[in-house]
Amino acid sequence: MKTFTWASILITFLSTAFPATDSIELANGKTVHGVLSGRQSIYVTLTISEGQSKAEIRLNPDEIAGIHFSDSYQRDEAIKQYPASDPYQTTILLESLVRKRLPYLELLSHSDETLFSMLLESYIQSGRASDALDRAKLWRTKLRANEVIDQLDELQIVAAKNVGELDEAVFYSKRWIDSGKSASQTALPWCVLAEKSLKEGQIEDALWLALNPIVFTNPNAPRFIESAYEIAVFSAYQLNDYEYALQLYTDMKFRKLNWPIDSDKVDILTKLENHETIQSSNPSLKKSSSSNASNDLLKVVGAP
């Protein structure tokens with residue numbers, strides 16, 4: 001079986017002359033083939049060739065059941081290979097694929113919509129968070145797949161944080177939580193609000209916000225769950241509840257999670273280790289076992 005790399009996909013995409021095989025599946029069951037040539041007003045235009053003759057047809061979006069692009073093979077390979085080791089190379093390919101689909105945002109298949117969230121993530125990974133933030137605002141209201149919209153919502157939070165727009169990150173985080181979405185996929189919205197509470201000196205609020213994804217996603221590990229633990233441990237320690245901070249850290253290790261490598265709260269670990277040494281040398285101090293840590297946390301927080 002041939003192995004494809006991002007370089008080979010990109011070279012194929014940029015150098016091969018593709019036949020005019022764009023097609024539009026109509027609501028009446030028929031399919032028309034040609035070259036997509038953009039939009040005129042609200043209409044989708046398709047150029048049809050027959051011999052030396054060409055004709056352009058205009059279709060109302062209500063007449064269209066689906067659009068199939070001539071580069072669908074490259075799209076499928078791009079999705080299969082994502083993410084690549086080189087975000088810059090990835091971005092070049094994804095921009096080419098997305099550019100062709102931009103005029104038809106509200107008519108795309110799920111696979112075509114996925115390219116948009118992939119491109120936003122590539123922008124962030126290549127240091128273009130502001131571009132990701134700007135484009136997410138333009139695309140979010142027009143895309144239809146719930147899964148893709150969720151990805152865009154999370155990437156908006158990440159991009160806003162990366163460019164220092166913390167109020168904007170808070171707004172997107174509240175929107176996520178207020179919409180009723182759980183922390184099953186990502187703990188990031190709760191982490192953002194918890195960090196805001198910490199900065200405002202509302203340490204107890206920060207603790208409870210961070211505990212939400214910790215408790216209600218166990219034993220799964222959603223994205224950014226390590227950051228939730230980081231904030232929860234730090235908050236508990238700041239509240240002088242050293243035993244609870246140790247319990248949280250023990251639970252984190254029991255779930256085989258690592259402390260965030262970019263943490264600005266890493267000094268708490270040294271303090272916890274020192275406290276744990278003192279605690280272990282004094283049998284009168286109670287220490288929860290790792291096997292019961294998650295159950296104990298659930299008792300404290302309560303049922304969802």
# chains A, B, ... in the order shown; residues from 1 in each chain; ligands from 1
call {"tool": "closest_atom_pairs", "arguments": {"of": "stretch 96-211 of chain A", "to": "stretch 238-253 of chain A", "cutoff": "10 Å", "atoms": "only C-alpha atoms", "output": "JSON lines"}}
result
{"residue": "A:Ile203", "atom": "CA", "partner": "A:Leu239", "partner_atom": "CA", "distance": 7.2}
{"residue": "A:Glu204", "atom": "CA", "partner": "A:Leu239", "partner_atom": "CA", "distance": 7.5}
{"residue": "A:Leu207", "atom": "CA", "partner": "A:Leu239", "partner_atom": "CA", "distance": 9.3}
{"residue": "A:Leu211", "atom": "CA", "partner": "A:Leu248", "partner_atom": "CA", "distance": 9.4}
call {"tool": "write_last_selection", "arguments": {"atoms": "all heavy atoms", "output": "PDB file, in the first residue's frame"}}
result
ATOM      1  N   ILE A 203     -10.921  32.720  45.125  1.00  0.00           N
ATOM      2  CA  ILE A 203     -10.222  31.435  45.080  1.00  0.00           C
ATOM      3  C   ILE A 203     -11.186  30.263  45.227  1.00  0.00           C
ATOM      4  O   ILE A 203     -11.049  29.235  44.548  1.00  0.00           O
ATOM      5  CB  ILE A 203      -9.132  31.388  46.158  1.00  0.00           C
ATOM      6  CG1 ILE A 203      -8.134  32.528  45.922  1.00  0.00           C
ATOM      7  CG2 ILE A 203      -8.400  30.051  46.131  1.00  0.00           C
ATOM      8  CD1 ILE A 203      -7.091  32.670  46.995  1.00  0.00           C
ATOM      9  N   GLU A 204     -12.169  30.384  46.070  1.00  0.00           N
ATOM     10  CA  GLU A 204     -13.120  29.282  46.252  1.00  0.00           C
ATOM     11  C   GLU A 204     -13.925  29.041  44.978  1.00  0.00           C
ATOM     12  O   GLU A 204     -14.177  27.890  44.599  1.00  0.00           O
ATOM     13  CB  GLU A 204     -14.057  29.582  47.421  1.00  0.00           C
ATOM     14  CG  GLU A 204     -14.893  28.373  47.831  1.00  0.00           C
ATOM     15  CD  GLU A 204     -15.614  28.589  49.144  1.00  0.00           C
ATOM     16  OE1 GLU A 204     -15.267  29.537  49.872  1.00  0.00           O
ATOM     17  OE2 GLU A 204     -16.518  27.793  49.436  1.00  0.00           O
ATOM     18  N   LEU A 207     -11.810  27.130  42.606  1.00  0.00           N
ATOM     19  CA  LEU A 207     -11.737  25.712  42.968  1.00  0.00           C
ATOM     20  C   LEU A 207     -12.937  24.946  42.450  1.00  0.00           C
ATOM     21  O   LEU A 207     -12.795  23.887  41.822  1.00  0.00           O
ATOM     22  CB  LEU A 207     -11.625  25.567  44.485  1.00  0.00           C
ATOM     23  CG  LEU A 207     -11.666  24.135  45.028  1.00  0.00           C
ATOM     24  CD1 LEU A 207     -10.514  23.304  44.479  1.00  0.00           C
ATOM     25  CD2 LEU A 207     -11.637  24.150  46.566  1.00  0.00           C
ATOM     26  N   LEU A 211     -13.159  21.983  39.602  1.00  0.00           N
ATOM     27  CA  LEU A 211     -13.587  20.647  40.012  1.00  0.00           C
ATOM     28  C   LEU A 211     -14.631  20.044  39.071  1.00  0.00           C
ATOM     29  O   LEU A 211     -14.735  18.825  38.962  1.00  0.00           O
ATOM     30  CB  LEU A 211     -14.156  20.684  41.432  1.00  0.00           C
ATOM     31  CG  LEU A 211     -13.156  20.750  42.578  1.00  0.00           C
ATOM     32  CD1 LEU A 211     -13.881  20.908  43.898  1.00  0.00           C
ATOM     33  CD2 LEU A 211     -12.260  19.519  42.596  1.00  0.00           C
TER      34      LEU A 211
END
call {"tool": "residues_around", "arguments": {"residues": "A:Glu56", "least_positions_apart": "6", "cutoff": "7 Å", "atoms": "only C-alpha atoms", "output": "mmCIF file with C-alpha atoms, in the first residue's frame"}}
result
data_model
loop_
_atom_site.group_PDB
_atom_site.id
_atom_site.type_symbol
_atom_site.label_atom_id
_atom_site.label_comp_id
_atom_site.auth_asym_id
_atom_site.auth_seq_id
_atom_site.Cartn_x
_atom_site.Cartn_y
_atom_site.Cartn_z
ATOM 1 C CA THR A 45 -22.828 29.091 -10.565
ATOM 2 C CA LEU A 46 -21.539 26.088 -12.493
ATOM 3 C CA THR A 47 -19.840 26.223 -15.912
ATOM 4 C CA ILE A 48 -20.741 23.281 -18.138
#
call {"tool": "select_by_dssp", "arguments": {"residues": "stretch 38-180 of chain A", "states": "alpha helix (DSSP H)", "output": "NGL selection string"}}
result
:A and (72-81 or 87-101 or 110-125 or 129-139 or 146-162 or 166-178)
call {"tool": "residues_around", "arguments": {"residues": "stretch 180-185 of chain A", "least_positions_apart": "2", "cutoff": "8 Å", "atoms": "only C-alpha atoms", "output": "MDAnalysis selection string"}}
result
chainID A and resid 176:178 187 212:213 216:217 220:223
call {"tool": "write_last_selection", "arguments": {"atoms": "N, CA and C atoms", "output": "PDB file, in the first residue's frame"}}
result
ATOM      1  N   TRP A 176     -20.005  28.576  25.877  1.00  0.00           N
ATOM      2  CA  TRP A 176     -19.910  27.107  25.850  1.00  0.00           C
ATOM      3  C   TRP A 176     -20.712  26.505  26.998  1.00  0.00           C
ATOM      4  N   ILE A 177     -20.478  26.994  28.207  1.00  0.00           N
ATOM      5  CA  ILE A 177     -21.122  26.424  29.389  1.00  0.00           C
ATOM      6  C   ILE A 177     -22.615  26.723  29.392  1.00  0.00           C
ATOM      7  N   ASP A 178     -22.989  27.960  29.050  1.00  0.00           N
ATOM      8  CA  ASP A 178     -24.401  28.348  29.054  1.00  0.00           C
ATOM      9  C   ASP A 178     -25.216  27.586  28.025  1.00  0.00           C
ATOM     10  N   ALA A 187     -12.034  20.542  28.949  1.00  0.00           N
ATOM     11  CA  ALA A 187     -12.197  21.236  30.231  1.00  0.00           C
ATOM     12  C   ALA A 187     -11.842  22.716  30.104  1.00  0.00           C
ATOM     13  N   ASN A 212     -15.399  20.893  38.393  1.00  0.00           N
ATOM     14  CA  ASN A 212     -16.472  20.377  37.538  1.00  0.00           C
ATOM     15  C   ASN A 212     -15.977  19.364  36.513  1.00  0.00           C
ATOM     16  N   PRO A 213     -15.016  19.719  35.639  1.00  0.00           N
ATOM     17  CA  PRO A 213     -14.534  18.716  34.675  1.00  0.00           C
ATOM     18  C   PRO A 213     -13.763  17.575  35.328  1.00  0.00           C
ATOM     19  N   PHE A 216     -16.796  15.188  36.872  1.00  0.00           N
ATOM     20  CA  PHE A 216     -17.849  14.682  36.004  1.00  0.00           C
ATOM     21  C   PHE A 216     -17.344  14.061  34.711  1.00  0.00           C
ATOM     22  N   THR A 217     -16.028  14.028  34.506  1.00  0.00           N
ATOM     23  CA  THR A 217     -15.492  13.327  33.330  1.00  0.00           C
ATOM     24  C   THR A 217     -14.698  12.091  33.725  1.00  0.00           C
ATOM     25  N   ASN A 220     -12.711   9.355  32.146  1.00  0.00           N
ATOM     26  CA  ASN A 220     -12.195   9.859  30.874  1.00  0.00           C
ATOM     27  C   ASN A 220     -11.273  11.053  31.116  1.00  0.00           C
ATOM     28  N   ALA A 221     -10.511  11.400  30.101  1.00  0.00           N
ATOM     29  CA  ALA A 221      -9.571  12.512  30.211  1.00  0.00           C
ATOM     30  C   ALA A 221      -9.791  13.486  29.057  1.00  0.00           C
ATOM     31  N   PRO A 222     -10.693  14.448  29.228  1.00  0.00           N
ATOM     32  CA  PRO A 222     -10.915  15.426  28.156  1.00  0.00           C
ATOM     33  C   PRO A 222      -9.703  16.330  27.980  1.00  0.00           C
ATOM     34  N   ARG A 223      -9.669  17.036  26.887  1.00  0.00           N
ATOM     35  CA  ARG A 223      -8.584  17.980  26.647  1.00  0.00           C
ATOM     36  C   ARG A 223      -8.539  19.030  27.772  1.00  0.00           C
TER      37      ARG A 223
END
call {"tool": "closest_residue", "arguments": {"among": "A:Leu272, A:Glu106, A:Arg99, A:Leu155", "to": "A:Leu120", "atoms": "only C-alpha atoms"}}
result
A:Leu155
call {"tool": "closest_atom_pairs", "arguments": {"of": "stretch 163-237 of chain A", "to": "stretch 121-138 of chain A", "cutoff": "12 Å", "atoms": "only C-alpha atoms", "output": "JSON lines"}}
result
{"residue": "A:Val163", "atom": "CA", "partner": "A:Ser130", "partner_atom": "CA", "distance": 6.4}
{"residue": "A:Gly164", "atom": "CA", "partner": "A:Ser130", "partner_atom": "CA", "distance": 9.9}
{"residue": "A:Glu165", "atom": "CA", "partner": "A:Ser130", "partner_atom": "CA", "distance": 9.8}
{"residue": "A:Glu168", "atom": "CA", "partner": "A:Leu133", "partner_atom": "CA", "distance": 10.2}
{"residue": "A:Ala169", "atom": "CA", "partner": "A:Leu133", "partner_atom": "CA", "distance": 10.4}
{"residue": "A:Tyr172", "atom": "CA", "partner": "A:Lys137", "partner_atom": "CA", "distance": 11.1}
call {"tool": "write_last_selection", "arguments": {"atoms": "N, CA, C and O atoms", "output": "PDB file, in the first residue's frame"}}
result
ATOM      1  N   VAL A 163      -3.690  35.327  21.965  1.00  0.00           N
ATOM      2  CA  VAL A 163      -3.434  36.722  21.562  1.00  0.00           C
ATOM      3  C   VAL A 163      -3.668  37.685  22.718  1.00  0.00           C
ATOM      4  O   VAL A 163      -3.616  38.907  22.533  1.00  0.00           O
ATOM      5  N   GLY A 164      -3.942  37.153  23.912  1.00  0.00           N
ATOM      6  CA  GLY A 164      -4.099  38.001  25.091  1.00  0.00           C
ATOM      7  C   GLY A 164      -5.458  38.647  25.240  1.00  0.00           C
ATOM      8  O   GLY A 164      -5.627  39.553  26.066  1.00  0.00           O
ATOM      9  N   GLU A 165      -6.436  38.190  24.460  1.00  0.00           N
ATOM     10  CA  GLU A 165      -7.799  38.731  24.568  1.00  0.00           C
ATOM     11  C   GLU A 165      -8.560  37.905  25.613  1.00  0.00           C
ATOM     12  O   GLU A 165      -9.427  37.090  25.292  1.00  0.00           O
ATOM     13  N   GLU A 168     -12.386  38.187  25.865  1.00  0.00           N
ATOM     14  CA  GLU A 168     -13.013  37.471  24.757  1.00  0.00           C
ATOM     15  C   GLU A 168     -13.013  35.969  25.023  1.00  0.00           C
ATOM     16  O   GLU A 168     -14.003  35.273  24.760  1.00  0.00           O
ATOM     17  N   ALA A 169     -11.911  35.458  25.582  1.00  0.00           N
ATOM     18  CA  ALA A 169     -11.841  34.042  25.944  1.00  0.00           C
ATOM     19  C   ALA A 169     -12.890  33.703  27.003  1.00  0.00           C
ATOM     20  O   ALA A 169     -13.523  32.645  26.949  1.00  0.00           O
ATOM     21  N   TYR A 172     -16.376  33.496  25.278  1.00  0.00           N
ATOM     22  CA  TYR A 172     -16.572  32.239  24.558  1.00  0.00           C
ATOM     23  C   TYR A 172     -16.732  31.068  25.533  1.00  0.00           C
ATOM     24  O   TYR A 172     -17.499  30.131  25.264  1.00  0.00           O
TER      25      TYR A 172
END
call {"tool": "closest_residue", "arguments": {"among": "A:Ile92, A:Leu26, A:Ala84, A:Ala78", "to": "A:Ala65", "atoms": "only C-alpha atoms"}}
result
A:Leu26
call {"tool": "decode", "arguments": {"residues": "stretch 104-129 of chain A", "atoms": "N, CA, C and O atoms", "output": "PDB file, in the first residue's frame"}}
result
ATOM      1  N   TYR A 104     -19.297  28.449  -0.518  1.00  0.00           N
ATOM      2  CA  TYR A 104     -20.416  27.511  -0.371  1.00  0.00           C
ATOM      3  C   TYR A 104     -20.566  27.016   1.079  1.00  0.00           C
ATOM      4  O   TYR A 104     -20.985  25.893   1.329  1.00  0.00           O
ATOM      5  N   LEU A 105     -20.222  27.874   2.053  1.00  0.00           N
ATOM      6  CA  LEU A 105     -20.140  27.448   3.448  1.00  0.00           C
ATOM      7  C   LEU A 105     -21.389  26.734   3.943  1.00  0.00           C
ATOM      8  O   LEU A 105     -21.313  25.733   4.657  1.00  0.00           O
ATOM      9  N   GLU A 106     -22.548  27.241   3.579  1.00  0.00           N
ATOM     10  CA  GLU A 106     -23.794  26.673   4.116  1.00  0.00           C
ATOM     11  C   GLU A 106     -24.245  25.423   3.359  1.00  0.00           C
ATOM     12  O   GLU A 106     -25.287  24.836   3.671  1.00  0.00           O
ATOM     13  N   LEU A 107     -23.456  24.966   2.384  1.00  0.00           N
ATOM     14  CA  LEU A 107     -23.837  23.829   1.550  1.00  0.00           C
ATOM     15  C   LEU A 107     -22.856  22.667   1.647  1.00  0.00           C
ATOM     16  O   LEU A 107     -22.983  21.684   0.925  1.00  0.00           O
ATOM     17  N   LEU A 108     -21.891  22.758   2.546  1.00  0.00           N
ATOM     18  CA  LEU A 108     -20.807  21.784   2.582  1.00  0.00           C
ATOM     19  C   LEU A 108     -21.184  20.502   3.311  1.00  0.00           C
ATOM     20  O   LEU A 108     -22.033  20.495   4.212  1.00  0.00           O
ATOM     21  N   SER A 109     -20.519  19.413   2.938  1.00  0.00           N
ATOM     22  CA  SER A 109     -20.646  18.148   3.654  1.00  0.00           C
ATOM     23  C   SER A 109     -19.850  18.239   4.952  1.00  0.00           C
ATOM     24  O   SER A 109     -19.038  19.147   5.152  1.00  0.00           O
ATOM     25  N   HIS A 110     -20.049  17.258   5.832  1.00  0.00           N
ATOM     26  CA  HIS A 110     -19.309  17.236   7.092  1.00  0.00           C
ATOM     27  C   HIS A 110     -17.804  17.163   6.843  1.00  0.00           C
ATOM     28  O   HIS A 110     -17.015  17.849   7.503  1.00  0.00           O
ATOM     29  N   SER A 111     -17.384  16.352   5.882  1.00  0.00           N
ATOM     30  CA  SER A 111     -15.949  16.226   5.579  1.00  0.00           C
ATOM     31  C   SER A 111     -15.363  17.548   5.112  1.00  0.00           C
ATOM     32  O   SER A 111     -14.245  17.917   5.498  1.00  0.00           O
ATOM     33  N   ASP A 112     -16.119  18.268   4.279  1.00  0.00           N
ATOM     34  CA  ASP A 112     -15.625  19.559   3.805  1.00  0.00           C
ATOM     35  C   ASP A 112     -15.573  20.576   4.944  1.00  0.00           C
ATOM     36  O   ASP A 112     -14.644  21.383   5.023  1.00  0.00           O
ATOM     37  N   GLU A 113     -16.547  20.551   5.837  1.00  0.00           N
ATOM     38  CA  GLU A 113     -16.541  21.478   6.969  1.00  0.00           C
ATOM     39  C   GLU A 113     -15.358  21.210   7.899  1.00  0.00           C
ATOM     40  O   GLU A 113     -14.797  22.137   8.495  1.00  0.00           O
ATOM     41  N   THR A 114     -14.976  19.937   8.027  1.00  0.00           N
ATOM     42  CA  THR A 114     -13.866  19.576   8.910  1.00  0.00           C
ATOM     43  C   THR A 114     -12.585  20.305   8.525  1.00  0.00           C
ATOM     44  O   THR A 114     -11.759  20.629   9.392  1.00  0.00           O
ATOM     45  N   LEU A 115     -12.409  20.588   7.243  1.00  0.00           N
ATOM     46  CA  LEU A 115     -11.209  21.296   6.792  1.00  0.00           C
ATOM     47  C   LEU A 115     -11.064  22.653   7.472  1.00  0.00           C
ATOM     48  O   LEU A 115      -9.948  23.118   7.721  1.00  0.00           O
ATOM     49  N   PHE A 116     -12.188  23.285   7.785  1.00  0.00           N
ATOM     50  CA  PHE A 116     -12.150  24.631   8.356  1.00  0.00           C
ATOM     51  C   PHE A 116     -11.619  24.605   9.792  1.00  0.00           C
ATOM     52  O   PHE A 116     -10.816  25.462  10.174  1.00  0.00           O
ATOM     53  N   SER A 117     -12.048  23.642  10.579  1.00  0.00           N
ATOM     54  CA  SER A 117     -11.519  23.549  11.944  1.00  0.00           C
ATOM     55  C   SER A 117     -10.050  23.123  11.925  1.00  0.00           C
ATOM     56  O   SER A 117      -9.247  23.582  12.744  1.00  0.00           O
ATOM     57  N   MET A 118      -9.683  22.267  10.968  1.00  0.00           N
ATOM     58  CA  MET A 118      -8.277  21.868  10.834  1.00  0.00           C
ATOM     59  C   MET A 118      -7.399  23.068  10.496  1.00  0.00           C
ATOM     60  O   MET A 118      -6.297  23.226  11.030  1.00  0.00           O
ATOM     61  N   LEU A 119      -7.888  23.925   9.611  1.00  0.00           N
ATOM     62  CA  LEU A 119      -7.101  25.095   9.227  1.00  0.00           C
ATOM     63  C   LEU A 119      -6.942  26.054  10.406  1.00  0.00           C
ATOM     64  O   LEU A 119      -5.848  26.596  10.628  1.00  0.00           O
ATOM     65  N   LEU A 120      -7.998  26.263  11.178  1.00  0.00           N
ATOM     66  CA  LEU A 120      -7.896  27.137  12.347  1.00  0.00           C
ATOM     67  C   LEU A 120      -6.849  26.614  13.328  1.00  0.00           C
ATOM     68  O   LEU A 120      -6.044  27.383  13.867  1.00  0.00           O
ATOM     69  N   GLU A 121      -6.860  25.306  13.548  1.00  0.00           N
ATOM     70  CA  GLU A 121      -5.876  24.718  14.460  1.00  0.00           C
ATOM     71  C   GLU A 121      -4.463  24.871  13.907  1.00  0.00           C
ATOM     72  O   GLU A 121      -3.513  25.134  14.661  1.00  0.00           O
ATOM     73  N   SER A 122      -4.315  24.737  12.589  1.00  0.00           N
ATOM     74  CA  SER A 122      -2.997  24.911  11.967  1.00  0.00           C
ATOM     75  C   SER A 122      -2.513  26.354  12.114  1.00  0.00           C
ATOM     76  O   SER A 122      -1.321  26.597  12.327  1.00  0.00           O
ATOM     77  N   TYR A 123      -3.428  27.305  11.983  1.00  0.00           N
ATOM     78  CA  TYR A 123      -3.064  28.707  12.207  1.00  0.00           C
ATOM     79  C   TYR A 123      -2.515  28.902  13.619  1.00  0.00           C
ATOM     80  O   TYR A 123      -1.490  29.557  13.826  1.00  0.00           O
ATOM     81  N   ILE A 124      -3.199  28.333  14.603  1.00  0.00           N
ATOM     82  CA  ILE A 124      -2.772  28.479  15.995  1.00  0.00           C
ATOM     83  C   ILE A 124      -1.403  27.841  16.197  1.00  0.00           C
ATOM     84  O   ILE A 124      -0.513  28.414  16.832  1.00  0.00           O
ATOM     85  N   GLN A 125      -1.218  26.644  15.646  1.00  0.00           N
ATOM     86  CA  GLN A 125       0.045  25.927  15.820  1.00  0.00           C
ATOM     87  C   GLN A 125       1.207  26.632  15.125  1.00  0.00           C
ATOM     88  O   GLN A 125       2.362  26.467  15.537  1.00  0.00           O
ATOM     89  N   SER A 126       0.931  27.393  14.088  1.00  0.00           N
ATOM     90  CA  SER A 126       1.995  28.087  13.355  1.00  0.00           C
ATOM     91  C   SER A 126       2.129  29.549  13.785  1.00  0.00           C
ATOM     92  O   SER A 126       2.741  30.353  13.076  1.00  0.00           O
ATOM     93  N   GLY A 127       1.551  29.898  14.935  1.00  0.00           N
ATOM     94  CA  GLY A 127       1.713  31.243  15.473  1.00  0.00           C
ATOM     95  C   GLY A 127       0.804  32.288  14.869  1.00  0.00           C
ATOM     96  O   GLY A 127       1.079  33.491  14.982  1.00  0.00           O
ATOM     97  N   ARG A 128      -0.283  31.870  14.245  1.00  0.00           N
ATOM     98  CA  ARG A 128      -1.213  32.808  13.619  1.00  0.00           C
ATOM     99  C   ARG A 128      -2.569  32.773  14.333  1.00  0.00           C
ATOM    100  O   ARG A 128      -3.622  32.675  13.715  1.00  0.00           O
ATOM    101  N   ALA A 129      -2.522  32.891  15.652  1.00  0.00           N
ATOM    102  CA  ALA A 129      -3.757  32.808  16.447  1.00  0.00           C
ATOM    103  C   ALA A 129      -4.737  33.923  16.094  1.00  0.00           C
ATOM    104  O   ALA A 129      -5.958  33.716  16.113  1.00  0.00           O
TER     105      ALA A 129
END
